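Structure data (PDB, C-alpha atoms, pLDDT in the B column) from work12.pdb:
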```
MODEL        1
ATOM      1  CA  MET A  13     -36.902  -8.103  -8.497  1.00 77.00           C
ATOM      2  CA  SER A  14     -35.859 -11.049  -6.294  1.00 87.00           C
ATOM      3  CA  SER A  15     -35.073 -10.712  -2.610  1.00 92.00           C
ATOM      4  CA  MET A  16     -31.331 -11.298  -3.196  1.00 92.00           C
ATOM      5  CA  GLU A  17     -31.245  -8.581  -5.836  1.00 94.00           C
ATOM      6  CA  MET A  18     -32.828  -6.205  -3.302  1.00 95.00           C
ATOM      7  CA  ILE A  19     -30.375  -7.277  -0.594  1.00 96.00           C
ATOM      8  CA  TRP A  20     -27.367  -6.600  -2.857  1.00 95.00           C
ATOM      9  CA  ILE A  21     -28.795  -3.198  -3.830  1.00 96.00           C
ATOM     10  CA  ALA A  22     -29.278  -2.408  -0.112  1.00 96.00           C
ATOM     11  CA  VAL A  23     -25.692  -3.487   0.704  1.00 96.00           C
ATOM     12  CA  LEU A  24     -24.441  -1.347  -2.182  1.00 96.00           C
ATOM     13  CA  ILE A  25     -26.395   1.715  -1.008  1.00 96.00           C
ATOM     14  CA  VAL A  26     -25.339   1.330   2.642  1.00 96.00           C
ATOM     15  CA  ALA A  27     -21.680   0.863   1.660  1.00 93.00           C
ATOM     16  CA  VAL A  28     -21.785   3.968  -0.547  1.00 94.00           C
ATOM     17  CA  ILE A  29     -23.427   6.018   2.219  1.00 94.00           C
ATOM     18  CA  ILE A  30     -20.776   4.895   4.727  1.00 92.00           C
ATOM     19  CA  GLU A  31     -18.063   5.786   2.219  1.00 88.00           C
ATOM     20  CA  LEU A  32     -19.576   9.239   1.677  1.00 90.00           C
ATOM     21  CA  LEU A  33     -19.671   9.826   5.429  1.00 89.00           C
ATOM     22  CA  THR A  34     -15.967   8.967   5.735  1.00 83.00           C
ATOM     23  CA  PRO A  35     -14.324  10.945   2.925  1.00 72.00           C
ATOM     24  CA  SER A  36     -10.807   9.902   1.900  1.00 67.00           C
ATOM     25  CA  ALA A  37     -10.805   7.026   4.392  1.00 72.00           C
ATOM     26  CA  LEU A  38     -11.668   4.289   1.877  1.00 78.00           C
ATOM     27  CA  VAL A  39     -13.726   2.349   4.392  1.00 81.00           C
ATOM     28  CA  SER A  40     -16.450   0.553   2.472  1.00 88.00           C
ATOM     29  CA  ILE A  41     -16.010   1.284  -1.226  1.00 88.00           C
ATOM     30  CA  TRP A  42     -14.576  -2.236  -1.582  1.00 91.00           C
ATOM     31  CA  LEU A  43     -17.788  -3.792  -0.317  1.00 94.00           C
ATOM     32  CA  ALA A  44     -19.845  -1.541  -2.601  1.00 94.00           C
ATOM     33  CA  VAL A  45     -18.001  -2.856  -5.668  1.00 95.00           C
ATOM     34  CA  GLY A  46     -18.399  -6.435  -4.427  1.00 96.00           C
ATOM     35  CA  ALA A  47     -22.122  -5.874  -3.840  1.00 96.00           C
ATOM     36  CA  LEU A  48     -22.486  -4.455  -7.351  1.00 96.00           C
ATOM     37  CA  ALA A  49     -20.837  -7.567  -8.814  1.00 97.00           C
ATOM     38  CA  SER A  50     -23.057  -9.795  -6.681  1.00 97.00           C
ATOM     39  CA  TRP A  51     -26.173  -7.894  -7.756  1.00 96.00           C
ATOM     40  CA  ILE A  52     -25.225  -8.581 -11.384  1.00 96.00           C
ATOM     41  CA  SER A  53     -24.698 -12.252 -10.544  1.00 96.00           C
ATOM     42  CA  ALA A  54     -28.142 -12.304  -8.870  1.00 96.00           C
ATOM     43  CA  LEU A  55     -29.661 -10.823 -12.044  1.00 95.00           C
ATOM     44  CA  LEU A  56     -28.009 -13.659 -13.990  1.00 95.00           C
ATOM     45  CA  GLY A  57     -29.595 -16.217 -11.648  1.00 94.00           C
ATOM     46  CA  CYS A  58     -26.489 -17.456  -9.833  1.00 95.00           C
ATOM     47  CA  PRO A  59     -27.038 -19.383  -6.564  1.00 96.00           C
ATOM     48  CA  ILE A  60     -26.762 -17.434  -3.302  1.00 96.00           C
ATOM     49  CA  ILE A  61     -23.470 -19.072  -2.311  1.00 97.00           C
ATOM     50  CA  VAL A  62     -21.952 -18.033  -5.645  1.00 97.00           C
ATOM     51  CA  GLN A  63     -23.212 -14.475  -5.116  1.00 96.00           C
ATOM     52  CA  ILE A  64     -21.589 -14.336  -1.678  1.00 96.00           C
ATOM     53  CA  LEU A  65     -18.312 -15.751  -3.004  1.00 97.00           C
ATOM     54  CA  ILE A  66     -18.365 -13.216  -5.849  1.00 97.00           C
ATOM     55  CA  CYS A  67     -18.908 -10.380  -3.350  1.00 96.00           C
ATOM     56  CA  LEU A  68     -15.986 -11.545  -1.216  1.00 97.00           C
ATOM     57  CA  ALA A  69     -13.660 -12.207  -4.156  1.00 97.00           C
ATOM     58  CA  VAL A  70     -14.391  -8.938  -5.972  1.00 96.00           C
ATOM     59  CA  SER A  71     -14.087  -6.902  -2.760  1.00 95.00           C
ATOM     60  CA  PHE A  72     -10.771  -8.569  -1.901  1.00 95.00           C
ATOM     61  CA  LEU A  73      -9.371  -8.136  -5.421  1.00 95.00           C
ATOM     62  CA  PHE A  74     -10.507  -4.513  -5.509  1.00 92.00           C
ATOM     63  CA  ILE A  75      -8.659  -3.894  -2.234  1.00 90.00           C
ATOM     64  CA  LEU A  76      -5.481  -5.532  -3.536  1.00 91.00           C
ATOM     65  CA  ILE A  77      -5.466  -3.745  -6.874  1.00 89.00           C
ATOM     66  CA  VAL A  78      -6.953  -0.311  -6.239  1.00 85.00           C
ATOM     67  CA  ARG A  79      -6.069   0.505  -2.627  1.00 79.00           C
ATOM     68  CA  PRO A  80      -2.320   1.119  -3.177  1.00 81.00           C
ATOM     69  CA  ILE A  81      -3.096   3.422  -6.088  1.00 80.00           C
ATOM     70  CA  ALA A  82      -5.863   5.214  -4.207  1.00 76.00           C
ATOM     71  CA  ILE A  83      -3.746   5.718  -1.080  1.00 71.00           C
ATOM     72  CA  THR A  84      -0.959   7.275  -3.144  1.00 71.00           C
ATOM     73  CA  TYR A  85      -3.430   9.535  -4.917  1.00 70.00           C
ATOM     74  CA  LEU A  86      -5.355  10.557  -1.781  1.00 67.00           C
ATOM     75  CA  ARG A  87      -2.210  11.178   0.268  1.00 61.00           C
ATOM     76  CA  GLY A  88      -1.218  14.012  -2.017  1.00 58.00           C
ATOM     77  CA  ASN A  89       2.193  15.630  -1.932  1.00 58.00           C
ATOM     78  CA  VAL A  90       3.972  14.863   1.322  1.00 55.00           C
ATOM     79  CA  THR A  91       6.813  17.283   1.827  1.00 56.00           C
ATOM     80  CA  ALA A  92       9.358  16.719   4.530  1.00 57.00           C
ATOM     81  CA  THR A  93       9.712  19.587   6.963  1.00 63.00           C
ATOM     82  CA  ASN A  94      13.110  21.104   7.597  1.00 67.00           C
ATOM     83  CA  ALA A  95      13.285  19.171  10.853  1.00 70.00           C
ATOM     84  CA  ASP A  96      12.601  15.862   9.065  1.00 75.00           C
ATOM     85  CA  ARG A  97      15.648  16.481   6.930  1.00 81.00           C
ATOM     86  CA  LEU A  98      17.881  16.269  10.019  1.00 87.00           C
ATOM     87  CA  ILE A  99      17.264  12.543  10.411  1.00 89.00           C
ATOM     88  CA  GLY A 100      20.404  10.672   9.422  1.00 90.00           C
ATOM     89  CA  ASP A 101      22.653  13.753   9.655  1.00 92.00           C
ATOM     90  CA  VAL A 102      25.606  14.084  12.021  1.00 95.00           C
ATOM     91  CA  ALA A 103      25.595  16.612  14.897  1.00 95.00           C
ATOM     92  CA  VAL A 104      28.130  17.625  17.546  1.00 96.00           C
ATOM     93  CA  VAL A 105      27.297  17.400  21.257  1.00 96.00           C
ATOM     94  CA  THR A 106      27.516  20.857  22.888  1.00 97.00           C
ATOM     95  CA  ARG A 107      26.163  19.858  26.327  1.00 97.00           C
ATOM     96  CA  ALA A 108      26.790  16.334  27.583  1.00 96.00           C
ATOM     97  CA  ILE A 109      23.956  13.851  27.171  1.00 95.00           C
ATOM     98  CA  GLY A 110      23.462  11.733  30.295  1.00 91.00           C
ATOM     99  CA  GLU A 111      22.099   8.221  30.572  1.00 87.00           C
ATOM    100  CA  SER A 112      18.731   9.652  31.549  1.00 83.00           C
ATOM    101  CA  ASP A 113      19.341  13.381  31.019  1.00 89.00           C
ATOM    102  CA  TRP A 114      18.855  15.535  27.983  1.00 92.00           C
ATOM    103  CA  GLY A 115      21.832  17.254  26.482  1.00 95.00           C
ATOM    104  CA  GLU A 116      22.271  19.560  23.524  1.00 96.00           C
ATOM    105  CA  VAL A 117      23.670  19.103  20.035  1.00 97.00           C
ATOM    106  CA  LYS A 118      24.512  21.522  17.265  1.00 96.00           C
ATOM    107  CA  ILE A 119      23.431  20.598  13.764  1.00 93.00           C
ATOM    108  CA  HIS A 120      23.429  22.870  10.714  1.00 90.00           C
ATOM    109  CA  GLY A 121      24.150  25.854  12.958  1.00 92.00           C
ATOM    110  CA  THR A 122      21.190  25.249  15.279  1.00 91.00           C
ATOM    111  CA  ILE A 123      21.215  24.017  18.890  1.00 95.00           C
ATOM    112  CA  TRP A 124      18.724  21.226  19.664  1.00 94.00           C
ATOM    113  CA  SER A 125      17.870  19.356  22.848  1.00 95.00           C
ATOM    114  CA  ALA A 126      18.901  15.733  22.472  1.00 95.00           C
ATOM    115  CA  VAL A 127      18.672  12.391  24.213  1.00 95.00           C
ATOM    116  CA  SER A 128      20.519   9.146  23.527  1.00 93.00           C
ATOM    117  CA  VAL A 129      18.444   6.426  21.859  1.00 91.00           C
ATOM    118  CA  ASP A 130      20.153   3.687  23.890  1.00 89.00           C
ATOM    119  CA  HIS A 131      20.424   5.726  27.131  1.00 88.00           C
ATOM    120  CA  THR A 132      24.221   5.944  27.058  1.00 91.00           C
ATOM    121  CA  ALA A 133      26.186   8.976  28.178  1.00 93.00           C
ATOM    122  CA  ILE A 134      27.737  11.011  25.353  1.00 95.00           C
ATOM    123  CA  ALA A 135      30.437  13.597  26.075  1.00 95.00           C
ATOM    124  CA  VAL A 136      30.785  17.139  24.728  1.00 96.00           C
ATOM    125  CA  ASP A 137      32.354  17.403  21.244  1.00 95.00           C
ATOM    126  CA  GLU A 138      31.462  13.814  20.313  1.00 95.00           C
ATOM    127  CA  LYS A 139      29.699  13.289  17.006  1.00 96.00           C
ATOM    128  CA  VAL A 140      26.220  11.765  16.999  1.00 96.00           C
ATOM    129  CA  ARG A 141      23.796  10.726  14.271  1.00 95.00           C
ATOM    130  CA  VAL A 142      20.162  11.858  14.427  1.00 94.00           C
ATOM    131  CA  ILE A 143      17.901   8.790  14.558  1.00 93.00           C
ATOM    132  CA  ALA A 144      14.509  10.457  15.076  1.00 90.00           C
ATOM    133  CA  ILE A 145      12.730  13.590  16.231  1.00 88.00           C
ATOM    134  CA  GLU A 146      10.228  13.580  19.083  1.00 87.00           C
ATOM    135  CA  GLY A 147       8.611  16.936  19.596  1.00 82.00           C
ATOM    136  CA  ALA A 148      11.406  19.460  20.015  1.00 84.00           C
ATOM    137  CA  LYS A 149      14.194  17.012  20.868  1.00 91.00           C
ATOM    138  CA  LEU A 150      16.452  14.894  18.717  1.00 93.00           C
ATOM    139  CA  ILE A 151      16.979  11.211  19.412  1.00 93.00           C
ATOM    140  CA  VAL A 152      20.651  10.504  18.704  1.00 94.00           C
ATOM    141  CA  ARG A 153      23.220   7.703  18.686  1.00 93.00           C
ATOM    142  CA  LYS A 154      27.014   7.952  18.874  1.00 92.00           C
ATOM    143  CA  SER A 155      28.365   8.224  15.377  1.00 87.00           C
ATOM    144  CA  SER A 156      31.075   5.847  14.215  1.00 78.00           C
ATOM    145  CA  ASN A 157      32.687   8.512  11.986  1.00 65.00           C
TER     146      ASN A 157
ENDMDL
END
```
Take the structure in this file and express it as structure tokens.
Amino acid sequence: MSSMEMIWIAVLIVAVIIELLTPSALVSIWLAVGALASWISALLGCPIIVQILICLAVSFLFILIVRPIAITYLRGNVTATNADRLIGDVAVVTRAIGESDWGEVKIHGTIWSAVSVDHTAIAVDEKVRVIAIEGAKLIVRKSSN
């Protein structure tokens, strides 16, 4: 076995070990596949520069093709919480929102603390749209409807 064949096997083993130590992170599996391809090219007698280019190209292609699929698969089922479903909905201000003060809004029968996204004052009974949720407060903007 040539020295380059041994180097590619070592890179492959190290990359696999790193991947096993970081489950579901997809850190080095790309390099492992590239090293495997380069090991095969070393067995076929390709020059070192070709082996390195094969490792880089295969790793890069593997990232481009497999990563989006793997991320979707590893992410699993992401279910929005009830609070996430408030984003985009319209609420009614029940306690005035100041430029730098929290107010309160009522949305779907529940009172939430709220702050204006653009730091503008919003009066009681005005309609606002929920832009985001930070902790236990809604980030809102005056609604045009």
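Using all atoms listed in the file, the smallest distance between any of A:Ile25, A:Trp20, A:Ile81, A:Gly121 and A:Cys67 comes from A:Trp20.
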Residues at most 12 Å from A:Ile123, counting all atoms listed in the file, excluding those fewer than 5 positions away in the same chain, as number ranges by chain?
A: 103-107, 115-118, 148-150
Using the chain letters and numbers from the file, give me the residues hit by the PyMOL selection byres ((chain A and resi 21) around 10), as a count of residues only.
18
Quick one: which residues end up in the PyMOL selection byres ((chain A and resi 38) around 12) for this structure, as a PyMOL selection string?
chain A and resi 27-37+39-44+74-75+78-83+85-87
Could you tell me how far atom CA of A:Ile77 sits from atom CA of A:Leu56, in Å to one decimal place?
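Interatomic distance, atom CA of A:Leu56 to atom CA of A:Ile77: 25.6 Å.
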